[in-house]
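**Q** This is final_19.cif (mmCIF, C-alpha atoms).
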```cif
data_structure
#
loop_
_atom_site.label_atom_id
_atom_site.label_comp_id
_atom_site.auth_asym_id
_atom_site.auth_seq_id
_atom_site.Cartn_x
_atom_site.Cartn_y
_atom_site.Cartn_z
CA MET A 1 -29.67 -13.83 -27.47
CA THR A 2 -30.44 -10.12 -27.24
CA PRO A 3 -28.41 -8.13 -29.73
CA GLU A 4 -27.88 -5.14 -27.48
CA VAL A 5 -27.58 -5.10 -23.74
CA ALA A 6 -26.95 -1.96 -21.77
CA ASN A 7 -24.08 -2.59 -19.43
CA PRO A 8 -24.02 -0.51 -16.29
CA GLN A 9 -20.46 -1.61 -15.43
CA SER A 10 -18.68 -0.20 -18.41
CA ASP A 11 -17.37 3.29 -18.03
CA GLY A 12 -19.43 6.24 -19.14
CA SER A 13 -22.13 5.88 -21.72
CA GLN A 14 -20.52 2.95 -23.52
CA GLU A 15 -23.05 0.37 -24.61
CA HIS A 16 -22.20 -3.29 -24.46
CA LYS A 17 -23.19 -5.17 -27.58
CA LEU A 18 -23.14 -8.81 -28.61
CA PRO A 19 -22.63 -10.67 -31.88
CA THR A 20 -26.04 -11.45 -33.35
CA SER A 21 -25.33 -14.75 -35.12
CA LYS A 22 -22.64 -17.16 -36.21
CA ALA A 23 -22.64 -15.43 -39.58
CA ASP A 24 -22.08 -12.13 -37.78
CA LEU A 25 -19.09 -13.69 -36.02
CA PHE A 26 -17.68 -15.03 -39.27
CA ILE A 27 -18.11 -11.76 -41.16
CA SER A 28 -16.89 -9.57 -38.30
CA PHE A 29 -13.74 -11.61 -37.79
CA SER A 30 -13.14 -11.75 -41.56
CA ILE A 31 -13.32 -7.96 -41.81
CA LEU A 32 -11.12 -7.64 -38.78
CA ALA A 33 -8.50 -10.08 -40.09
CA LEU A 34 -8.39 -8.45 -43.52
CA GLN A 35 -7.44 -5.11 -41.97
CA GLY A 36 -4.59 -6.66 -40.01
CA PHE A 37 -1.49 -5.95 -42.01
CA GLY A 38 1.56 -6.87 -39.97
CA GLY A 39 -0.56 -8.84 -37.51
CA VAL A 40 -4.13 -8.51 -36.33
CA LEU A 41 -3.50 -7.56 -32.73
CA ALA A 42 -3.87 -3.79 -33.06
CA VAL A 43 -7.03 -4.12 -35.13
CA VAL A 44 -8.64 -6.55 -32.69
CA GLN A 45 -8.62 -3.98 -29.90
CA ARG A 46 -9.98 -1.22 -32.08
CA GLU A 47 -12.70 -3.31 -33.75
CA LEU A 48 -13.96 -5.37 -30.81
CA VAL A 49 -13.64 -2.74 -28.07
CA GLU A 50 -13.98 0.64 -29.76
CA LYS A 51 -16.20 -0.09 -32.77
CA LYS A 52 -18.27 -3.21 -32.14
CA ARG A 53 -18.20 -2.92 -28.34
CA TRP A 54 -18.47 -6.67 -27.85
CA LEU A 55 -15.95 -6.28 -25.06
CA THR A 56 -15.10 -3.51 -22.61
CA ARG A 57 -11.47 -2.49 -22.30
CA GLU A 58 -11.24 -4.46 -19.04
CA GLU A 59 -12.80 -7.58 -20.54
CA PHE A 60 -10.49 -7.37 -23.53
CA LEU A 61 -7.48 -7.20 -21.25
CA GLU A 62 -8.67 -10.23 -19.27
CA ASP A 63 -9.39 -12.28 -22.39
CA TRP A 64 -6.15 -11.20 -23.94
CA ALA A 65 -4.25 -12.42 -20.87
CA VAL A 66 -5.77 -15.88 -21.35
CA ALA A 67 -5.23 -15.88 -25.12
CA GLN A 68 -1.65 -14.78 -24.59
CA ILE A 69 -0.62 -17.31 -21.98
CA LEU A 70 -2.09 -20.34 -23.76
CA PRO A 71 -0.02 -21.75 -26.62
CA GLY A 72 -0.97 -20.89 -30.18
CA PRO A 73 -1.49 -17.68 -32.09
CA ASN A 74 -3.02 -15.09 -29.72
CA VAL A 75 -5.58 -13.65 -32.10
CA VAL A 76 -6.66 -17.14 -33.13
CA ASN A 77 -7.11 -18.06 -29.47
CA LEU A 78 -9.07 -14.87 -28.84
CA SER A 79 -11.44 -15.43 -31.77
CA LEU A 80 -12.04 -18.99 -30.57
CA MET A 81 -12.83 -17.81 -27.03
CA ILE A 82 -15.23 -15.07 -28.09
CA GLY A 83 -17.01 -17.28 -30.63
CA ASP A 84 -17.43 -20.06 -28.06
CA ARG A 85 -18.78 -17.71 -25.39
CA TYR A 86 -21.75 -16.56 -27.47
CA PHE A 87 -22.50 -19.49 -29.79
CA GLY A 88 -20.67 -22.49 -28.37
CA PHE A 89 -18.50 -24.79 -30.43
CA ALA A 90 -20.08 -23.74 -33.74
CA GLY A 91 -19.47 -20.08 -32.82
CA ALA A 92 -15.83 -20.84 -32.07
CA LEU A 93 -15.46 -22.48 -35.48
CA ALA A 94 -17.24 -19.58 -37.21
CA ALA A 95 -14.95 -17.00 -35.60
CA LEU A 96 -11.86 -19.10 -36.30
CA ALA A 97 -12.89 -19.61 -39.93
CA GLY A 98 -13.46 -15.86 -40.26
CA MET A 99 -10.03 -15.14 -38.87
CA LEU A 100 -8.24 -17.53 -41.24
CA THR A 101 -10.16 -18.16 -44.48
CA PHE A 102 -9.78 -14.98 -46.53
CA PRO A 103 -6.29 -14.08 -45.28
CA LEU A 104 -5.18 -17.62 -46.17
CA VAL A 105 -6.56 -17.28 -49.70
CA ILE A 106 -4.82 -13.92 -50.11
CA VAL A 107 -1.46 -15.02 -48.77
CA LEU A 108 -1.47 -18.13 -50.98
CA ALA A 109 -2.44 -16.06 -54.01
CA LEU A 110 0.45 -13.71 -53.25
CA ALA A 111 2.84 -16.62 -52.85
CA ALA A 112 1.69 -18.14 -56.12
CA LEU A 113 1.99 -14.83 -57.95
CA MET A 114 5.32 -13.77 -56.59
CA GLY A 115 6.94 -17.09 -55.83
CA GLY A 116 8.23 -15.45 -52.68
CA VAL A 117 8.96 -11.84 -51.91
CA SER A 118 10.27 -9.72 -54.69
CA ASP A 119 13.84 -8.56 -54.25
CA SER A 120 13.24 -5.13 -55.75
CA ALA A 121 14.32 -2.21 -53.57
CA ALA A 122 10.89 -0.59 -53.71
CA VAL A 123 9.10 -3.71 -52.41
CA GLN A 124 11.69 -4.22 -49.71
CA GLY A 125 11.36 -0.57 -48.75
CA ALA A 126 7.58 -0.78 -48.61
CA LEU A 127 7.82 -3.84 -46.36
CA ARG A 128 10.22 -1.94 -44.12
CA GLY A 129 7.89 1.07 -43.94
CA MET A 130 4.91 -1.14 -43.08
CA GLY A 131 7.00 -2.88 -40.46
CA ALA A 132 7.77 0.44 -38.78
CA VAL A 133 4.07 1.35 -38.78
CA ALA A 134 3.07 -2.10 -37.46
CA ALA A 135 5.46 -1.64 -34.54
CA GLY A 136 3.76 1.64 -33.65
CA LEU A 137 0.29 0.10 -33.97
CA ILE A 138 1.05 -2.65 -31.50
CA ALA A 139 2.76 -0.35 -29.00
CA ALA A 140 -0.22 2.04 -29.13
CA THR A 141 -2.60 -0.84 -28.42
CA GLY A 142 -0.71 -1.47 -25.19
CA ILE A 143 -0.64 2.22 -24.28
CA LYS A 144 -4.41 2.52 -24.77
CA LEU A 145 -5.05 -0.36 -22.37
CA ILE A 146 -3.11 1.29 -19.52
CA GLY A 147 -6.32 3.12 -18.54
CA ALA A 148 -7.95 -0.20 -17.73
CA LEU A 149 -5.49 -0.73 -14.86
CA LYS A 150 -7.26 1.91 -12.75
CA SER A 151 -9.83 -0.62 -11.62
CA ASN A 152 -7.23 -3.31 -10.90
CA PRO A 153 -7.33 -4.61 -7.31
CA MET A 154 -3.53 -4.66 -7.10
CA GLY A 155 -3.43 -0.87 -7.08
CA LEU A 156 -2.05 1.44 -9.74
CA ALA A 157 1.46 1.71 -8.28
CA VAL A 158 1.97 -2.07 -8.15
CA CYS A 159 0.56 -2.40 -11.67
CA TRP A 160 3.02 0.16 -13.00
CA GLY A 161 5.88 -1.57 -11.21
CA LEU A 162 4.97 -4.96 -12.69
CA ALA A 163 4.52 -3.46 -16.16
CA VAL A 164 7.87 -1.67 -16.11
CA LEU A 165 9.61 -4.78 -14.78
CA SER A 166 8.08 -6.93 -17.53
CA PHE A 167 8.96 -4.40 -20.22
CA ILE A 168 12.60 -4.30 -19.13
CA ALA A 169 12.77 -8.09 -18.97
CA ILE A 170 11.24 -8.66 -22.40
CA ALA A 171 12.18 -5.65 -24.51
CA LEU A 172 15.58 -4.68 -23.09
CA LEU A 173 17.03 -7.83 -21.49
CA ARG A 174 15.30 -10.09 -24.06
CA LEU A 175 14.58 -12.76 -21.48
CA PRO A 176 12.48 -15.68 -22.77
CA LEU A 177 8.75 -14.93 -22.70
CA VAL A 178 7.96 -18.11 -20.78
CA ALA A 179 10.39 -17.14 -18.00
CA VAL A 180 8.82 -13.68 -17.65
CA LEU A 181 5.28 -15.01 -17.67
CA LEU A 182 6.13 -17.61 -15.05
CA GLY A 183 8.36 -15.38 -12.93
CA VAL A 184 6.75 -11.93 -12.87
CA GLY A 185 3.38 -13.46 -13.74
CA SER A 186 3.16 -15.76 -10.75
CA LEU A 187 4.28 -12.97 -8.40
CA ALA A 188 1.54 -10.75 -9.81
CA CYS A 189 -1.13 -13.47 -9.56
CA ILE A 190 -0.24 -14.23 -5.94
CA TRP A 191 -0.42 -10.53 -5.10
CA ALA A 192 -3.75 -10.15 -6.92
CA TYR A 193 -5.12 -13.22 -5.09
CA ARG A 194 -4.17 -11.69 -1.76
CA GLN A 195 -5.61 -8.28 -2.64
CA LEU A 196 -8.89 -9.76 -3.90
CA GLY A 197 -9.25 -11.57 -0.58
CA MET A 198 -8.59 -8.42 1.41
CA LEU A 199 -10.73 -6.08 -0.69
CA HIS A 200 -13.79 -8.25 -1.08
CA PRO A 201 -13.76 -10.89 1.66
CA ALA A 202 -17.21 -12.23 0.77
CA LYS A 203 -17.83 -11.01 -2.73
CA ASP A 204 -19.84 -13.47 -4.81
CA ALA A 205 -20.37 -11.52 -8.02
CA PRO A 206 -18.56 -8.57 -9.60
CA MET B 1 14.98 -30.35 -54.59
CA THR B 2 12.72 -32.80 -56.36
CA SER B 3 13.30 -35.52 -53.81
CA ALA B 4 10.37 -37.93 -53.69
CA PHE B 5 8.06 -37.11 -50.84
CA SER B 6 6.67 -40.26 -49.24
CA GLY B 7 3.72 -40.77 -46.94
CA ALA B 8 6.17 -41.07 -44.07
CA ASP B 9 7.53 -37.61 -44.92
CA TRP B 10 4.05 -36.08 -44.80
CA LEU B 11 3.48 -37.76 -41.45
CA ALA B 12 6.80 -36.43 -40.17
CA LEU B 13 5.83 -32.93 -41.32
CA LEU B 14 2.50 -33.18 -39.48
CA ALA B 15 4.19 -34.55 -36.35
CA HIS B 16 6.76 -31.76 -36.43
CA PHE B 17 4.16 -29.00 -36.46
CA MET B 18 2.00 -30.75 -33.88
CA SER B 19 4.94 -31.13 -31.54
CA LEU B 20 5.65 -27.39 -31.75
CA SER B 21 2.03 -26.32 -31.39
CA LEU B 22 1.87 -26.54 -27.61
CA LEU B 23 5.25 -24.83 -27.25
CA ALA B 24 4.12 -21.77 -29.20
CA ILE B 25 3.43 -19.50 -26.23
CA GLY B 26 3.33 -15.94 -27.50
CA GLY B 27 2.52 -17.00 -31.05
CA ALA B 28 3.78 -19.48 -33.60
CA ILE B 29 6.64 -17.16 -34.50
CA THR B 30 8.40 -18.06 -31.24
CA THR B 31 8.94 -21.58 -32.61
CA ALA B 32 10.36 -20.34 -35.93
CA PRO B 33 13.98 -21.15 -34.97
CA ALA B 34 13.04 -24.79 -34.29
CA MET B 35 11.18 -24.99 -37.60
CA HIS B 36 14.12 -23.49 -39.44
CA SER B 37 16.55 -26.05 -38.12
CA TYR B 38 14.21 -28.95 -38.94
CA LEU B 39 12.81 -27.92 -42.33
CA VAL B 40 15.88 -26.20 -43.76
CA ASN B 41 18.87 -27.78 -42.06
CA ASP B 42 17.83 -31.33 -41.14
CA ARG B 43 15.42 -32.24 -43.94
CA ALA B 44 16.35 -29.71 -46.64
CA TRP B 45 12.67 -29.49 -47.63
CA LEU B 46 12.97 -25.71 -47.90
CA THR B 47 15.69 -23.27 -48.90
CA ASP B 48 16.83 -20.59 -46.50
CA SER B 49 15.33 -17.82 -48.64
CA GLN B 50 12.00 -19.64 -48.96
CA PHE B 51 11.85 -19.81 -45.18
CA THR B 52 12.65 -16.13 -44.61
CA SER B 53 10.38 -14.86 -47.37
CA SER B 54 7.49 -16.95 -46.01
CA ILE B 55 7.71 -15.03 -42.75
CA ALA B 56 8.09 -11.64 -44.46
CA LEU B 57 5.18 -12.27 -46.82
CA ALA B 58 2.83 -13.42 -44.05
CA GLN B 59 3.69 -10.34 -42.02
CA ALA B 60 3.07 -7.98 -44.91
CA ALA B 61 -0.19 -9.62 -45.97
CA PRO B 62 -3.42 -9.08 -44.01
CA GLY B 63 -4.37 -11.61 -41.36
CA PRO B 64 -2.74 -13.40 -38.47
CA ASN B 65 1.01 -13.88 -38.75
CA VAL B 66 0.55 -17.61 -38.11
CA LEU B 67 -0.16 -17.84 -41.84
CA PHE B 68 3.58 -18.03 -42.39
CA ILE B 69 3.12 -21.69 -41.38
CA ALA B 70 0.73 -22.11 -44.30
CA LEU B 71 3.39 -20.68 -46.60
CA LEU B 72 6.01 -23.05 -45.20
CA GLY B 73 3.65 -25.95 -45.96
CA TRP B 74 2.96 -24.48 -49.40
CA ASN B 75 6.66 -24.30 -50.24
CA VAL B 76 7.41 -27.78 -48.91
CA GLY B 77 4.63 -29.21 -51.09
CA MET B 78 5.66 -27.13 -54.08
CA ASN B 79 9.28 -28.26 -53.80
CA ALA B 80 8.14 -31.87 -53.48
CA GLY B 81 6.12 -31.48 -56.68
CA GLY B 82 9.02 -29.97 -58.61
CA GLY B 83 8.31 -26.25 -58.33
CA LEU B 84 5.86 -23.66 -59.63
CA GLY B 85 6.28 -24.58 -63.27
CA ALA B 86 5.83 -28.34 -62.82
CA GLY B 87 2.09 -28.36 -63.42
CA PRO B 88 -1.04 -29.22 -61.46
CA ARG B 89 0.52 -32.02 -59.40
CA ALA B 90 2.87 -29.55 -57.71
CA TRP B 91 -0.06 -27.24 -56.96
CA TRP B 92 -2.03 -30.06 -55.33
CA LEU B 93 0.98 -31.07 -53.27
CA ALA B 94 1.44 -27.45 -52.23
CA LEU B 95 -2.18 -27.27 -51.06
CA ALA B 96 -1.75 -30.56 -49.19
CA GLY B 97 1.28 -29.01 -47.52
CA VAL B 98 -0.81 -25.99 -46.46
CA GLY B 99 -3.47 -28.25 -44.94
CA ILE B 100 -1.03 -30.44 -43.08
CA ALA B 101 1.02 -27.54 -41.74
CA MET B 102 -1.99 -25.54 -40.53
CA VAL B 103 -3.77 -28.53 -38.96
CA GLY B 104 -0.53 -29.53 -37.28
CA ILE B 105 0.25 -26.13 -35.79
CA LEU B 106 -3.36 -25.26 -34.81
CA LEU B 107 -5.10 -28.45 -33.72
CA PRO B 108 -3.29 -29.10 -30.41
CA SER B 109 -3.18 -25.46 -29.29
CA THR B 110 -6.77 -24.59 -30.25
CA THR B 111 -8.07 -27.73 -28.52
CA LEU B 112 -6.26 -26.76 -25.34
CA THR B 113 -7.39 -23.13 -25.59
CA PHE B 114 -10.97 -24.17 -26.19
CA ALA B 115 -11.06 -26.41 -23.11
CA ALA B 116 -9.10 -24.06 -20.85
CA ALA B 117 -11.05 -20.93 -21.84
CA ARG B 118 -14.35 -22.74 -21.26
CA TRP B 119 -13.26 -23.85 -17.85
CA GLY B 120 -12.00 -20.37 -17.04
CA HIS B 121 -15.20 -18.72 -18.18
CA ARG B 122 -17.40 -21.14 -16.24
CA ASN B 123 -15.32 -20.48 -13.12
CA ARG B 124 -14.76 -16.78 -13.72
CA GLU B 125 -16.01 -15.83 -10.25
CA LEU B 126 -13.43 -18.06 -8.58
CA ARG B 127 -10.91 -15.98 -6.70
CA ALA B 128 -8.00 -17.82 -8.33
CA VAL B 129 -9.32 -17.19 -11.85
CA ARG B 130 -9.93 -13.51 -11.12
CA ALA B 131 -6.50 -13.23 -9.52
CA PHE B 132 -4.94 -14.70 -12.65
CA LYS B 133 -6.69 -12.30 -15.00
CA GLN B 134 -6.13 -9.22 -12.85
CA GLY B 135 -2.57 -10.17 -12.02
CA MET B 136 -1.64 -10.73 -15.66
CA ALA B 137 -3.18 -7.44 -16.85
CA PRO B 138 -0.14 -5.17 -16.34
CA ILE B 139 2.18 -7.84 -17.77
CA VAL B 140 0.04 -8.23 -20.85
CA ILE B 141 0.15 -4.46 -21.41
CA ALA B 142 3.93 -4.46 -21.00
CA LEU B 143 4.16 -7.36 -23.44
CA LEU B 144 2.27 -5.43 -26.11
CA ILE B 145 4.47 -2.37 -25.77
CA ALA B 146 7.56 -4.60 -25.68
CA THR B 147 6.44 -6.32 -28.89
CA GLY B 148 6.24 -2.93 -30.57
CA TRP B 149 9.68 -2.09 -29.19
CA ILE B 150 11.22 -5.35 -30.44
CA LEU B 151 9.70 -4.94 -33.90
CA ALA B 152 11.02 -1.39 -34.03
CA SER B 153 14.45 -2.55 -32.88
CA SER B 154 14.74 -4.88 -35.85
CA GLN B 155 15.04 -1.66 -37.88
CA GLY B 156 18.38 -0.96 -36.25
CA ASN B 157 19.82 1.47 -33.75
CA PRO B 158 17.54 4.52 -33.26
CA LEU B 159 20.50 6.93 -33.47
CA GLU B 160 21.69 5.71 -36.87
CA HIS B 161 18.33 4.69 -38.33
CA TRP B 162 16.13 7.40 -36.89
CA GLN B 163 13.66 7.56 -39.79
CA PRO B 164 11.86 4.23 -39.19
CA TRP B 165 11.90 4.86 -35.43
CA LEU B 166 10.33 8.28 -35.98
CA LEU B 167 7.67 6.65 -38.15
CA THR B 168 6.99 4.11 -35.39
CA VAL B 169 6.67 6.80 -32.72
CA ILE B 170 4.41 9.00 -34.86
CA THR B 171 2.22 5.99 -35.67
CA ALA B 172 1.93 5.08 -31.99
CA LEU B 173 0.92 8.65 -31.12
CA LEU B 174 -1.65 8.81 -33.92
CA VAL B 175 -3.23 5.48 -33.02
CA TRP B 176 -3.27 6.40 -29.36
CA ARG B 177 -4.75 9.88 -29.72
CA THR B 178 -6.86 9.71 -32.90
CA ARG B 179 -9.26 7.35 -34.64
CA LEU B 180 -7.42 7.54 -37.95
CA HIS B 181 -7.92 4.32 -39.88
CA MET B 182 -4.95 1.96 -39.67
CA LEU B 183 -4.95 1.28 -43.39
CA TRP B 184 -4.04 4.94 -44.00
CA LEU B 185 -1.09 4.60 -41.69
CA LEU B 186 0.05 1.33 -43.25
CA SER B 187 -0.22 2.63 -46.79
CA THR B 188 1.64 5.81 -45.83
CA GLY B 189 4.36 3.62 -44.30
CA ALA B 190 4.51 1.48 -47.44
CA LEU B 191 4.73 4.56 -49.64
CA LEU B 192 7.46 6.20 -47.56
CA GLY B 193 9.38 2.92 -47.60
CA ALA B 194 8.98 2.37 -51.33
CA LEU B 195 10.24 5.90 -52.02
CA GLY B 196 13.23 5.22 -49.81
CA TYR B 197 12.50 7.65 -46.97
CA VAL B 198 12.59 5.07 -44.19
#
```
Output the file's structure in the form of C-alpha cells.
**A**
Amino acid sequence: MTPEVANPQSDGSQEHKLPTSKADLFISFSILALQGFGGVLAVVQRELVEKKRWLTREEFLEDWAVAQILPGPNVVNLSLMIGDRYFGFAGALAALAGMLTFPLVIVLALAALMGGVSDSAAVQGALRGMGAVAAGLIAATGIKLIGALKSNPMGLAVCWGLAVLSFIAIALLRLPLVAVLLGVGSLACIWAYRQLGMLHPAKDAP
Amino acid sequence: MTSAFSGADWLALLAHFMSLSLLAIGGAITTAPAMHSYLVNDRAWLTDSQFTSSIALAQAAPGPNVLFIALLGWNVGMNAGGGLGAGPRAWWLALAGVGIAMVGILLPSTTLTFAAARWGHRNRELRAVRAFKQGMAPIVIALLIATGWILASSQGNPLEHWQPWLLTVITALLVWRTRLHMLWLLSTGALLGALGYV
C-alpha cells in the first residue's frame, strides 16, 4: 500500500493520499470523532477531504450517499466503508473503533459525573449556543459540496432542481426522509442512468 | 424504579434495539420516537427526563450522536441497579446496558452496510451503481443543508429568536469561506449561550 499516490483526476494540484495502516485509521478516526461536537458530519468532510485528502470532494459525496441511504448512523457507516476499502475487515473494525471508543468513554464519564444534564441556565444556554453553531456547521458542509456537482452527468440545472426539491420536501414540508429518498431519489437515479448511457455509451473506466 | 431486571428483560432490550437498527435510515435519531414509547411509556425503564437528557448530552459531547443509545442503555442499567448511589452492582448493570444497547443498534445496520458497500465498491463501474451515486449526489447535498435548517428551526421562529439564527448563519459563512477551526466556533457558541446572548 503506497502512502501517497498522485491522482490526476482530482481538481487542481490536490494530492490524493491513503491511510498508511490500521493504527493510522484508528487514530485518525479517533481524532476526527473527538472534534465532532454536535455530530461528526461537518468534521468528517473537513478532515478526510480537506486535511487528510483520503477522498476527493466527489468521492466523499458518492460515499456519503451510500452511507446515508443505508440504515445506521451515517458517520459510523462511512468509517466502516473507508476502513474496509483500504484494510479489509480489520480496517473496518479499526475505523469503527476509532469513531466510537473515546467518545463513548467521554460521554459515559459525563453521564456518571452529572447524572444527566445540569438544569442550570448557563449550561442550558451553552448547549443552545453550541446547537446553533452545529446547525451552521452542517449546513456549510452541504454548501461546500455544491461545487462537486459540476462534474455530475445529470447536468448542473437538473442537479439544482433536484436539490431544491429535496430541500423543500425535507426542511419545509417535513416529509419523511424515506419517502424523499425513494421518491426524488429514484427519479434522480433513473435520470442519471439514462444520462450515463447517452454520455458514455461504451465507457469502461472513469 | 428498582424493579428487578431479569434475563428476559435484557433480551427484550437487545431485541428492541436490533429491531430498530435496520429502520434507522438517516441516523439512529430517526427512531427516537419509537424508543421513547417503548422504554419510557411501555416498560417504564427510563424516566422522561432521563430520555431527553440522554439525547442532549450525546449531542453536546464529542463523537457520533448515536452515542445517545449508549446513554439510554446506561440509564436503563443504572435504574435496574438502584441508581447512581447504589454501589458497584448498579455500575456494572449500567455498563451491561451500554453494551447491549450499542450492539443491538449497531450490529444489524453495520453488517448490512459492510456487505452492501463491499458489493457496491466491487461493482463501482457498473452503470447502475454509478447512476445511483451520481443521482443521489444533489439529494445528499440538499439533505445536509436541510439538516442544518431543521436543527436551526428547533431554536424557534427566526423573527422572534433572531440571535441563534444569526449565529447559525455566521457559522455557516465562516465554515464555508474560511478554514477557522470548528472548536473555536463551538466554544464561542457555548460562551455566547452561557452568557445568555443566544
**Q** List the neighbours of Lys150 (chain A) out to 12 Å using only C-alpha atoms; skip same-chain residues closer than 3 positions along the sequence, and give me the result as a PDB file with C-alpha atoms, in the frame of the given file.
**A**
```
ATOM      1  CA  ASP A  11     -17.370   3.290 -18.030  1.00  0.00           C
ATOM      2  CA  ARG A  57     -11.470  -2.490 -22.300  1.00  0.00           C
ATOM      3  CA  GLU A  58     -11.240  -4.460 -19.040  1.00  0.00           C
ATOM      4  CA  LEU A 145      -5.050  -0.360 -22.370  1.00  0.00           C
ATOM      5  CA  ILE A 146      -3.110   1.290 -19.520  1.00  0.00           C
ATOM      6  CA  GLY A 147      -6.320   3.120 -18.540  1.00  0.00           C
ATOM      7  CA  PRO A 153      -7.330  -4.610  -7.310  1.00  0.00           C
ATOM      8  CA  MET A 154      -3.530  -4.660  -7.100  1.00  0.00           C
ATOM      9  CA  GLY A 155      -3.430  -0.870  -7.080  1.00  0.00           C
ATOM     10  CA  LEU A 156      -2.050   1.440  -9.740  1.00  0.00           C
ATOM     11  CA  ALA A 157       1.460   1.710  -8.280  1.00  0.00           C
ATOM     12  CA  VAL A 158       1.970  -2.070  -8.150  1.00  0.00           C
ATOM     13  CA  CYS A 159       0.560  -2.400 -11.670  1.00  0.00           C
ATOM     14  CA  TRP A 160       3.020   0.160 -13.000  1.00  0.00           C
TER      15      TRP A 160
ATOM     16  CA  GLN B 134      -6.130  -9.220 -12.850  1.00  0.00           C
ATOM     17  CA  ALA B 137      -3.180  -7.440 -16.850  1.00  0.00           C
ATOM     18  CA  PRO B 138      -0.140  -5.170 -16.340  1.00  0.00           C
TER      19      PRO B 138
END
```
**Q** Provide the CA of Gly193 (chain B) to CA of Ala42 (chain A) distance in Å, to one decimal place.
**A**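 Pair CA of Gly193 (chain B) / CA of Ala42 (chain A) returns 20.8 Å.
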**Q** Written as a ChimeraX atom specification, what is the full residue list that the PyMOL selection byres ((chain B and resi 25) around 9) yields on the file shown?
**A** /A:68-74,177-178 /B:21-24,26-28,30-31
**Q** Using only C-alpha atoms, which residues sit within 8 Å of Gly39 (chain A) once same-chain residues fewer than 6 positions away are excluded, as an mmCIF file with C-alpha atoms, in the coordinates of the input?
**A**
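To be explicit, this is the file written out as part_28.cif:
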```
data_model
loop_
_atom_site.group_PDB
_atom_site.id
_atom_site.type_symbol
_atom_site.label_atom_id
_atom_site.label_comp_id
_atom_site.auth_asym_id
_atom_site.auth_seq_id
_atom_site.Cartn_x
_atom_site.Cartn_y
_atom_site.Cartn_z
ATOM 1 C CA ALA A 134 3.070 -2.100 -37.460
ATOM 2 C CA GLN B 59 3.690 -10.340 -42.020
ATOM 3 C CA PRO B 62 -3.420 -9.080 -44.010
ATOM 4 C CA GLY B 63 -4.370 -11.610 -41.360
ATOM 5 C CA PRO B 64 -2.740 -13.400 -38.470
ATOM 6 C CA ASN B 65 1.010 -13.880 -38.750
#
```
**Q** Between B:Gln155, B:Thr178, B:Asn75, B:Ser54, which residue has the minimum interatomic distance to Arg46 (chain A), considering all atoms listed in the file?
**A**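 Closest candidate: B:Thr178.
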**Q** If I take CA of Trp74 (chain B) and CA of Leu95 (chain B), how far is one from the other in Å, to one decimal?
**A**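 Computed distance, CA of Trp74 (chain B) to CA of Leu95 (chain B), equals 6.1 Å.
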**Q** Selected by the PyMOL selection byres ((chain A and resi 137) around 9) in the shown coordinates: which residues, as number ranges by chain?
**A** A: 41-43, 132-136, 138-142; B: 148, 168, 171-172, 174-176, 182
**Q** Between CA of Ala94 (chain B) and CA of Ala126 (chain A), what is the distance in Å, rounded to a tenth?
**A**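 Between CA of Ala94 (chain B) and CA of Ala126 (chain A) the gap is 27.6 Å.
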**Q** Please return, as a list of chain:residue names, all polymer residues that have at least one atom within 7 Å of the point (-10.4, -5.7, -19.2); use all atoms listed in the file and the file's own coordinate frame.
**A** A:Thr56, A:Arg57, A:Glu58, A:Glu59, A:Phe60, A:Leu61, A:Glu62, A:Ala148
**Q** Taking only C-alpha atoms into account, which of B:Ala61, B:Leu143, B:Val129, B:Leu192 comes nearest Ala116 (chain B)?
**A**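 Smallest separation from Ala116 (chain B) among the options: B:Val129.
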**Q** Carefully work through the PyMOL selection byres ((chain B and resi 111) around 12) for this structure and note down the residues it includes, as a ChimeraX atom specification.
**A** /A:70-72,76-77,80-81,89,92-93 /B:18,21-22,103-110,112-118
